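Quick look at start.csv (CSV, C-alpha atoms):
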```csv
chain,number,residue,atom,x,y,z
L,71,MET,CA,54.2,-81.4,-61.7
L,72,THR,CA,51.3,-79.2,-60.5
L,73,LYS,CA,51.5,-75.7,-61.9
L,74,LYS,CA,51.1,-73.1,-59.1
L,75,ILE,CA,50.1,-69.5,-59.9
L,76,TYR,CA,50.4,-67.2,-56.9
L,77,TYR,CA,50.8,-63.6,-56.2
L,78,LEU,CA,52.8,-62.4,-53.2
L,79,ILE,CA,51.1,-59.2,-52.1
L,80,ARG,CA,51.8,-57.3,-49.0
L,81,ILE,CA,48.5,-57.0,-47.3
L,82,MET,CA,49.0,-53.4,-46.1
L,83,MET,CA,49.9,-52.4,-49.6
L,84,LEU,CA,46.7,-54.1,-50.9
L,85,LEU,CA,44.6,-52.3,-48.4
L,86,SER,CA,46.1,-48.9,-49.1
L,87,PHE,CA,44.3,-48.7,-52.4
L,88,GLY,CA,40.8,-49.1,-50.8
L,89,ILE,CA,37.5,-49.9,-52.5
L,90,MET,CA,34.7,-47.4,-53.0
L,91,TYR,CA,31.6,-47.9,-50.9
L,92,SER,CA,33.5,-49.8,-48.2
L,93,GLN,CA,33.0,-48.9,-44.6
L,94,CYS,CA,34.5,-45.5,-43.5
L,95,TYR,CA,32.8,-45.2,-40.1
L,96,PRO,CA,34.3,-47.0,-37.0
L,97,PRO,CA,33.3,-50.5,-36.0
L,98,GLY,CA,30.3,-50.5,-33.6
L,99,SER,CA,28.6,-47.6,-35.4
L,100,ALA,CA,24.9,-47.8,-35.6
L,101,PRO,CA,22.7,-47.1,-38.6
L,102,TYR,CA,20.7,-43.9,-38.2
L,103,THR,CA,17.0,-44.8,-38.0
L,104,GLY,CA,15.6,-41.4,-37.1
L,105,THR,CA,16.8,-40.9,-33.5
L,106,PHE,CA,20.0,-40.6,-31.5
L,107,ASP,CA,20.4,-42.5,-28.2
L,108,LEU,CA,21.0,-39.5,-25.9
L,109,THR,CA,21.8,-41.9,-23.0
L,110,GLN,CA,25.2,-42.6,-24.6
L,111,ASN,CA,28.0,-40.9,-22.8
L,112,PRO,CA,30.2,-40.1,-24.6
L,113,GLY,CA,28.0,-39.7,-27.7
L,114,GLY,CA,27.8,-42.5,-30.2
L,115,ASN,CA,28.7,-42.9,-33.9
L,116,TYR,CA,25.9,-43.3,-36.5
L,117,TYR,CA,25.9,-43.7,-40.3
L,118,ILE,CA,23.6,-43.3,-43.3
L,119,ASN,CA,24.7,-45.3,-46.3
L,120,SER,CA,21.8,-44.9,-48.8
L,121,GLY,CA,18.8,-42.8,-49.7
L,122,THR,CA,18.2,-39.0,-49.9
L,123,GLY,CA,17.0,-36.6,-47.2
L,124,PHE,CA,17.8,-33.7,-45.0
L,125,LEU,CA,20.8,-33.8,-42.6
L,126,PRO,CA,19.4,-34.5,-39.1
L,127,ASN,CA,20.3,-32.5,-36.1
L,128,VAL,CA,23.3,-34.4,-34.8
L,129,PRO,CA,23.6,-33.8,-31.0
L,130,ALA,CA,26.8,-32.4,-29.5
L,131,GLY,CA,29.3,-35.2,-28.8
L,132,PHE,CA,27.8,-37.4,-31.5
L,133,LYS,CA,29.1,-38.1,-35.0
L,134,LEU,CA,27.2,-39.0,-38.2
L,135,TRP,CA,28.7,-40.4,-41.4
L,136,ILE,CA,27.1,-39.9,-44.8
L,137,THR,CA,28.5,-42.6,-47.0
L,138,GLY,CA,27.7,-45.2,-49.7
L,139,THR,CA,25.0,-44.0,-52.1
L,140,ALA,CA,23.5,-41.5,-49.6
L,141,ASP,CA,22.8,-38.0,-51.0
L,142,TYR,CA,21.8,-35.6,-48.2
L,143,SER,CA,21.2,-31.9,-48.0
L,144,PHE,CA,21.9,-29.4,-45.2
L,145,ASP,CA,21.1,-25.9,-44.0
L,146,THR,CA,24.3,-24.1,-43.0
L,147,ASN,CA,22.3,-21.6,-41.0
L,148,THR,CA,21.4,-24.4,-38.6
L,149,PHE,CA,24.3,-26.8,-39.0
L,150,PRO,CA,24.3,-29.6,-36.3
L,151,ALA,CA,26.0,-29.2,-33.0
L,152,GLY,CA,27.6,-32.6,-33.5
L,153,SER,CA,30.2,-33.8,-36.1
L,154,VAL,CA,29.5,-34.9,-39.6
L,155,GLU,CA,31.7,-36.7,-42.1
L,156,VAL,CA,30.9,-37.4,-45.8
L,157,CYS,CA,33.0,-40.2,-47.3
L,158,ASN,CA,33.2,-43.2,-49.6
L,159,GLY,CA,30.7,-42.2,-52.3
L,160,GLY,CA,28.4,-40.1,-50.1
L,161,ILE,CA,27.2,-36.6,-51.1
L,162,LEU,CA,26.4,-33.7,-48.8
L,163,ARG,CA,25.1,-30.5,-50.4
L,164,SER,CA,23.6,-27.3,-49.3
L,165,SER,CA,19.9,-27.4,-49.7
L,166,THR,CA,19.6,-23.8,-51.0
L,167,ALA,CA,22.0,-21.0,-51.8
L,168,MET,CA,21.3,-19.2,-48.5
L,169,PHE,CA,24.7,-17.9,-47.6
L,170,THR,CA,24.9,-14.2,-46.8
L,171,THR,CA,28.2,-12.9,-45.4
L,172,SER,CA,29.9,-16.0,-43.9
L,173,VAL,CA,30.2,-19.7,-44.3
L,174,ASN,CA,31.6,-21.7,-41.3
L,175,LEU,CA,31.4,-25.5,-41.4
L,176,ASN,CA,33.7,-26.1,-38.4
L,177,ARG,CA,32.3,-29.6,-37.5
L,178,LEU,CA,32.3,-31.0,-41.0
L,179,THR,CA,34.9,-33.4,-42.6
L,180,THR,CA,35.0,-34.5,-46.2
L,181,GLY,CA,36.6,-37.9,-46.1
L,182,ARG,CA,38.1,-40.2,-48.7
L,183,GLY,CA,35.7,-40.7,-51.6
L,184,GLY,CA,33.3,-38.0,-50.2
L,185,VAL,CA,31.8,-35.1,-52.1
L,186,LEU,CA,30.7,-31.8,-50.4
L,187,ASN,CA,29.0,-29.1,-52.4
L,188,VAL,CA,27.9,-25.6,-51.4
L,189,SER,CA,26.0,-23.0,-53.4
L,190,ILE,CA,26.4,-19.3,-53.0
L,191,THR,CA,24.0,-16.7,-54.3
L,192,GLY,CA,25.2,-13.1,-55.0
L,193,PRO,CA,25.6,-10.3,-54.9
L,194,THR,CA,27.3,-10.8,-51.6
L,195,ASN,CA,30.5,-10.2,-49.7
L,196,LEU,CA,31.9,-13.3,-48.0
L,197,ASN,CA,33.9,-12.2,-45.0
L,198,SER,CA,34.4,-15.8,-43.9
L,199,PHE,CA,34.4,-18.9,-46.1
L,200,PHE,CA,35.5,-22.1,-44.3
L,201,LEU,CA,34.3,-25.5,-45.6
L,202,GLY,CA,35.7,-27.7,-42.8
L,203,ASP,CA,38.3,-30.4,-42.9
L,204,ILE,CA,39.3,-32.6,-45.8
L,205,ARG,CA,41.1,-35.9,-46.0
L,206,GLU,CA,43.0,-37.3,-49.0
L,207,SER,CA,41.1,-38.4,-52.2
L,208,ALA,CA,38.1,-36.2,-51.4
L,209,VAL,CA,36.6,-33.2,-53.1
L,210,VAL,CA,34.8,-30.1,-52.0
L,211,SER,CA,33.0,-28.2,-54.7
L,212,PHE,CA,31.1,-24.9,-54.8
L,213,CYS,CA,28.9,-23.1,-57.2
L,214,ILE,CA,28.3,-19.3,-57.5
L,215,ASN,CA,25.1,-17.7,-58.9
L,216,GLY,CA,25.6,-13.9,-59.0
L,217,PRO,CA,28.6,-11.8,-58.1
L,218,VAL,CA,30.5,-12.8,-55.0
L,219,ASN,CA,33.5,-11.1,-53.3
L,220,MET,CA,35.7,-13.4,-51.2
L,221,PHE,CA,37.7,-11.8,-48.5
L,222,SER,CA,39.1,-14.8,-46.6
L,223,ASN,CA,42.0,-17.2,-47.0
L,224,TYR,CA,42.2,-20.9,-46.3
L,225,TRP,CA,38.8,-22.2,-47.3
L,226,ILE,CA,39.6,-25.7,-46.2
L,227,ASN,CA,41.9,-27.4,-43.7
L,228,TYR,CA,43.8,-30.5,-44.8
L,229,VAL,CA,43.9,-33.4,-42.3
L,230,GLY,CA,44.8,-36.3,-44.6
L,231,SER,CA,47.8,-38.4,-45.4
L,232,PRO,CA,51.1,-36.4,-45.9
L,233,THR,CA,51.4,-38.0,-49.3
L,234,GLY,CA,47.8,-37.7,-50.3
L,235,LYS,CA,45.9,-35.1,-52.3
L,236,SER,CA,42.4,-33.7,-52.4
L,237,TRP,CA,40.6,-31.0,-54.3
L,238,ILE,CA,38.6,-27.8,-54.2
L,239,VAL,CA,36.6,-27.5,-57.4
L,240,ARG,CA,34.6,-24.5,-58.4
L,241,ILE,CA,31.9,-25.8,-60.8
L,242,ASN,CA,31.0,-23.5,-63.7
L,243,THR,CA,27.7,-21.7,-63.6
L,244,PRO,CA,26.7,-19.2,-66.4
L,245,PHE,CA,26.1,-16.2,-64.1
L,246,GLY,CA,28.6,-16.4,-61.2
L,247,PRO,CA,31.6,-14.1,-61.3
L,248,LEU,CA,34.0,-14.4,-58.4
L,249,ASN,CA,36.4,-11.9,-56.9
L,250,ALA,CA,39.0,-13.7,-54.8
L,251,SER,CA,42.0,-11.7,-55.6
L,252,GLN,CA,45.2,-13.0,-54.0
L,253,ARG,CA,43.4,-15.5,-51.7
L,254,LEU,CA,44.9,-18.8,-50.7
L,255,VAL,CA,42.4,-21.7,-50.9
L,256,SER,CA,44.1,-24.0,-48.3
L,257,ASN,CA,46.7,-24.2,-45.6
L,258,SER,CA,48.3,-27.2,-47.4
L,259,PRO,CA,49.9,-27.9,-50.8
L,260,ASN,CA,48.1,-31.3,-50.6
L,261,VAL,CA,44.8,-29.5,-51.5
L,262,LEU,CA,44.7,-28.8,-55.3
L,263,TYR,CA,42.5,-26.1,-56.8
L,264,VAL,CA,40.4,-26.5,-60.0
L,265,ASP,CA,38.4,-23.5,-61.2
L,266,TYR,CA,35.9,-23.7,-64.0
L,267,GLY,CA,34.1,-20.5,-63.1
L,268,ILE,CA,34.1,-17.1,-64.6
L,269,TYR,CA,35.7,-13.8,-63.5
L,270,SER,CA,34.7,-10.3,-64.2
L,271,ASP,CA,38.4,-9.4,-64.0
L,272,PRO,CA,41.4,-11.7,-64.6
L,273,ALA,CA,43.2,-10.1,-61.6
L,274,ALA,CA,40.4,-11.3,-59.4
L,275,ARG,CA,41.6,-14.9,-59.4
L,276,PRO,CA,43.0,-16.5,-56.2
L,277,SER,CA,46.8,-16.6,-55.8
L,278,THR,CA,46.5,-20.4,-55.6
L,279,PRO,CA,46.9,-21.6,-59.2
L,280,SER,CA,44.1,-23.6,-60.8
L,281,LEU,CA,44.8,-26.9,-62.6
L,282,PRO,CA,43.6,-26.9,-66.2
L,283,GLU,CA,41.2,-29.6,-67.5
L,284,GLY,CA,43.2,-32.6,-68.6
L,285,HIS,CA,46.1,-32.0,-66.1
L,286,PRO,CA,47.5,-35.3,-64.7
L,287,ASP,CA,46.5,-34.1,-61.2
L,288,ASN,CA,43.0,-32.9,-62.2
L,289,PRO,CA,40.5,-35.8,-62.7
L,290,PHE,CA,37.5,-33.4,-63.0
L,291,SER,CA,35.8,-32.4,-66.2
L,292,ASP,CA,34.2,-29.1,-66.9
L,293,ASN,CA,30.7,-30.4,-66.8
L,294,GLY,CA,29.1,-27.1,-66.0
L,295,ASN,CA,25.7,-26.2,-64.5
L,296,CYS,CA,26.8,-27.1,-60.9
L,297,ASP,CA,27.0,-30.8,-61.8
L,298,VAL,CA,27.6,-32.4,-58.4
L,299,ALA,CA,26.9,-35.9,-59.7
L,300,GLY,CA,29.5,-35.5,-62.4
L,301,VAL,CA,32.1,-34.4,-59.8
L,302,LYS,CA,31.3,-37.6,-57.8
L,303,THR,CA,31.7,-39.8,-60.9
L,304,ASP,CA,35.1,-38.2,-61.7
L,305,LEU,CA,36.3,-38.7,-58.2
L,306,ILE,CA,35.2,-42.4,-58.1
L,307,ASN,CA,36.9,-43.1,-61.4
L,308,TYR,CA,40.1,-41.5,-60.1
L,309,ILE,CA,40.1,-43.6,-56.9
L,310,ASP,CA,38.9,-46.8,-58.5
L,311,PRO,CA,39.5,-46.6,-62.2
L,312,PRO,CA,37.1,-48.6,-64.3
L,313,SER,CA,38.5,-51.8,-65.8
L,314,THR,CA,39.7,-51.6,-69.4
L,315,GLY,CA,40.1,-55.4,-69.7
L,316,THR,CA,37.7,-57.9,-71.3
L,317,ILE,CA,36.2,-60.8,-69.3
L,318,CYS,CA,36.1,-64.0,-71.3
L,319,THR,CA,34.4,-67.2,-70.2
L,320,LYS,CA,33.9,-70.6,-71.8
L,321,PRO,CA,32.3,-73.9,-70.7
L,322,GLY,CA,34.3,-76.0,-68.3
L,323,ALA,CA,36.2,-79.1,-69.6
L,324,THR,CA,34.3,-82.4,-69.1
L,325,THR,CA,36.8,-84.6,-70.9
L,326,GLY,CA,40.5,-85.0,-71.3
L,327,PRO,CA,43.3,-84.9,-68.7
L,328,PRO,CA,42.6,-83.3,-65.3
L,329,LEU,CA,43.2,-79.5,-65.1
L,330,THR,CA,46.2,-78.3,-63.1
L,331,ILE,CA,45.5,-76.8,-59.7
L,332,LYS,CA,46.0,-73.0,-59.4
L,333,LYS,CA,46.7,-71.4,-56.1
L,334,PHE,CA,46.4,-67.8,-55.0
L,335,ALA,CA,48.5,-66.7,-52.0
L,336,VAL,CA,48.6,-63.4,-50.0
L,337,SER,CA,51.5,-63.3,-47.6
L,338,THR,CA,53.3,-60.9,-45.3
L,339,LEU,CA,56.0,-63.4,-44.6
L,340,ASN,CA,59.4,-64.0,-46.3
L,341,VAL,CA,58.9,-65.3,-49.8
L,342,SER,CA,61.7,-67.8,-49.1
L,343,GLY,CA,60.0,-71.2,-48.6
L,344,ILE,CA,56.7,-70.2,-50.2
L,345,ASP,CA,56.7,-73.3,-52.4
L,346,GLU,CA,57.0,-75.7,-49.5
L,347,ARG,CA,54.3,-73.9,-47.5
L,348,LEU,CA,51.9,-73.9,-50.5
L,349,ASN,CA,52.5,-77.6,-51.1
L,350,SER,CA,51.4,-78.3,-47.5
L,351,VAL,CA,47.8,-77.0,-48.2
L,352,ILE,CA,45.1,-78.3,-50.5
L,353,GLY,CA,43.0,-75.1,-50.8
L,354,SER,CA,43.2,-72.7,-53.8
L,355,PHE,CA,43.3,-69.5,-51.7
L,356,TYR,CA,46.1,-69.3,-49.1
L,357,LEU,CA,46.7,-66.5,-46.5
L,358,GLU,CA,49.6,-66.4,-44.1
L,359,SER,CA,50.8,-63.8,-41.6
L,360,ASN,CA,52.1,-63.6,-38.1
L,361,SER,CA,50.5,-60.3,-37.3
L,362,LYS,CA,47.6,-59.7,-39.7
L,363,GLY,CA,44.1,-61.1,-39.8
L,364,LEU,CA,41.4,-61.6,-42.5
L,365,VAL,CA,38.8,-58.8,-42.4
L,366,LEU,CA,35.5,-59.7,-44.0
L,367,PRO,CA,33.1,-57.1,-45.4
L,368,ARG,CA,31.5,-55.3,-42.4
L,369,THR,CA,27.9,-54.4,-43.2
L,370,ILE,CA,24.4,-55.5,-42.4
L,371,THR,CA,22.6,-58.4,-44.2
L,372,THR,CA,20.0,-56.2,-45.8
L,373,ASN,CA,22.7,-54.3,-47.6
L,374,VAL,CA,23.9,-57.4,-49.5
L,375,ILE,CA,22.3,-57.5,-52.9
L,376,SER,CA,21.4,-61.0,-54.3
L,377,PRO,CA,23.5,-63.0,-51.9
L,378,VAL,CA,24.4,-66.6,-53.0
L,379,LYS,CA,24.7,-69.6,-50.8
L,380,GLY,CA,27.9,-69.5,-48.8
L,381,THR,CA,28.1,-65.7,-48.7
L,382,LEU,CA,29.9,-64.6,-45.5
L,383,ILE,CA,30.0,-61.2,-43.8
L,384,TYR,CA,30.6,-59.6,-40.5
L,385,ASP,CA,27.2,-58.4,-39.4
L,386,THR,CA,27.6,-55.1,-37.7
L,387,ALA,CA,24.1,-55.1,-36.4
L,388,ASN,CA,24.3,-58.5,-34.6
L,389,LYS,CA,28.1,-58.3,-34.1
L,390,CYS,CA,28.8,-61.7,-35.5
L,391,LEU,CA,30.0,-63.6,-38.5
L,392,SER,CA,26.8,-64.2,-40.6
L,393,LEU,CA,26.4,-66.9,-43.2
L,394,TYR,CA,23.8,-67.0,-46.0
L,395,ASP,CA,22.6,-70.6,-46.4
L,396,GLY,CA,20.7,-70.0,-49.6
L,397,SER,CA,17.4,-68.9,-48.0
L,398,SER,CA,18.3,-66.9,-44.9
L,399,TRP,CA,21.1,-65.2,-42.9
L,400,GLY,CA,22.3,-66.6,-39.6
L,401,CYS,CA,25.1,-66.0,-37.1
L,402,ILE,CA,27.8,-68.6,-36.9
L,403,VAL,CA,27.8,-69.6,-33.2
L,404,GLN,CA,29.8,-72.1,-31.2
L,405,THR,CA,28.0,-75.3,-30.1
L,406,CYS,CA,28.8,-78.6,-28.5
L,407,ILE,CA,28.7,-82.1,-30.0
L,408,ASP,CA,27.7,-84.6,-27.4
L,409,ASN,CA,28.4,-87.8,-29.3
L,410,ARG,CA,32.1,-87.8,-30.1
```

Rewrite the structure of this file - the entire thing - as structure tokens.
Amino acid sequence: MTKKIYYLIRIMMLLSFGIMYSQCYPPGSAPYTGTFDLTQNPGGNYYINSGTGFLPNVPAGFKLWITGTADYSFDTNTFPAGSVEVCNGGILRSSTAMFTTSVNLNRLTTGRGGVLNVSITGPTNLNSFFLGDIRESAVVSFCINGPVNMFSNYWINYVGSPTGKSWIVRINTPFGPLNASQRLVSNSPNVLYVDYGIYSDPAARPSTPSLPEGHPDNPFSDNGNCDVAGVKTDLINYIDPPSTGTICTKPGATTGPPLTIKKFAVSTLNVSGIDERLNSVIGSFYLESNSKGLVLPRTITTNVISPVKGTLIYDTANKCLSLYDGSSWGCIVQTCIDNR
């Protein structure tokens, strides 16, 4: 009898874990190539998913996503009129520590897997310190160089899942005492606070408690020296923990009895009768659902590194299913066969 190995996984549960560097901008968004199409009404959605640079001036009504491996800088004194979101591996950081008496990033969102970092140079008194919105599994970090007095509450606004959590992390710098006595860092208990900085007075700490290094809800290490890259690595490892298993391979069998067929199934239907349904198909990978579809990776062909023959994606540039035939990419299109 054929041995069947299958896993009955609820698709929505599977998707809830997410994968780093997947798409976080909406379908139909365009890659930013240096200009915004100002004829779009309402404004369009654009994304940058690689490289380094300076945040462009996003027009009002438009939105730009910083994602993937992109690492961009911004000037808060001239923050864009449009909306910006950093997510899924992207980094957005202030280009210089140019804040004076206020920080207001009202049109900025730090989304899942995104890292925002701002630097503040003292001595200064911050009458307003607002770092925008934050979703679940995201981190906003800040560094202080020189004495800073903080006079505002609610440094970030939580807009994520009711059961999720995100973080504000103060990265340690050798000369950056903070006075934030009795301040609340967020309007939500979903935002956790991690503080690796120094204080000139223990009573100057915020009223929001800081999670110590090694706490189960604190995935961030005290790397010091305003280490933004280290914050990103810690966040990614929290969302998508590195595998601790070992991959083992050996040459395929060329002699002996035939190997048994193994099947892998993903189903949203009742498990009753799964054996009969699997027996009715020959393939090794079986999907079934009355209300869900198969979503292929949504990207552009130039983003796929070293594709192999048979690689299939949804090409967001050409808006089609694209197949790599071993030498080039091409849209799968409907055609007619005359001799039938």

Need the shell around stretch 218-232 of chain L: protein/DNA/RNA residues with any atom at most 7 Å away, counting only C-alpha atoms. Skip same-chain ones fewer than 6 positions apart. Format as number ranges by chain?
L: 192-206, 247-250, 253-258, 261

Selection near L:Leu281, 10 Å with all atoms listed in the file, sequence-local residues under 6 positions removed, as a VMD selection string
chain L and resid 239 262 to 266 287 to 290

Excluding L:Ile161 and any residue of its chain fewer than 5 positions from it, enumerate the residues within 9 Å of it, using all atoms listed in the file, and give them as a VMD selection string.
chain L and resid 136 to 143 156 184 to 187 298 to 299 302

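From atom CA of L:Ala208 back to atom CA of L:Ala273, the distance works out to 28.5 Å.
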
Do a neighbour search on L:Cys390 at 12 Å with all atoms listed in the file, toss out local chain neighbours closer than 2 positions, and write the hits as a list in words.
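The contact residues come out as Gly98, Leu366, Pro367, Arg368, Thr369, Ile370, Thr371, Leu382, Ile383, Tyr384, Asp385, Thr386, Ala387, Asn388, Ser392, Leu393, Trp399, Gly400, Cys401, Ile402, Val403 and Gln404 of chain L.
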
Suppose you want the space between atom CA of L:Pro276 and atom CA of L:Ser207; what is it in Å?
22.3 Å

Find the distance between atom CA of L:Ile190 and atom CA of L:Ser211 and write it in Å to one decimal.
11.2 Å

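Distance annotation: of L:Asn174, L:Thr180, L:Ser291, L:Thr303, the residue with the minimal separation from L:Asn242 is L:Ser291; atom set is only C-alpha atoms.
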
Shell of 8 Å around L:Phe149, only C-alpha atoms, local chain residues under 5 positions omitted, as an MDAnalysis selection string:
chainID L and resid 127 144 175
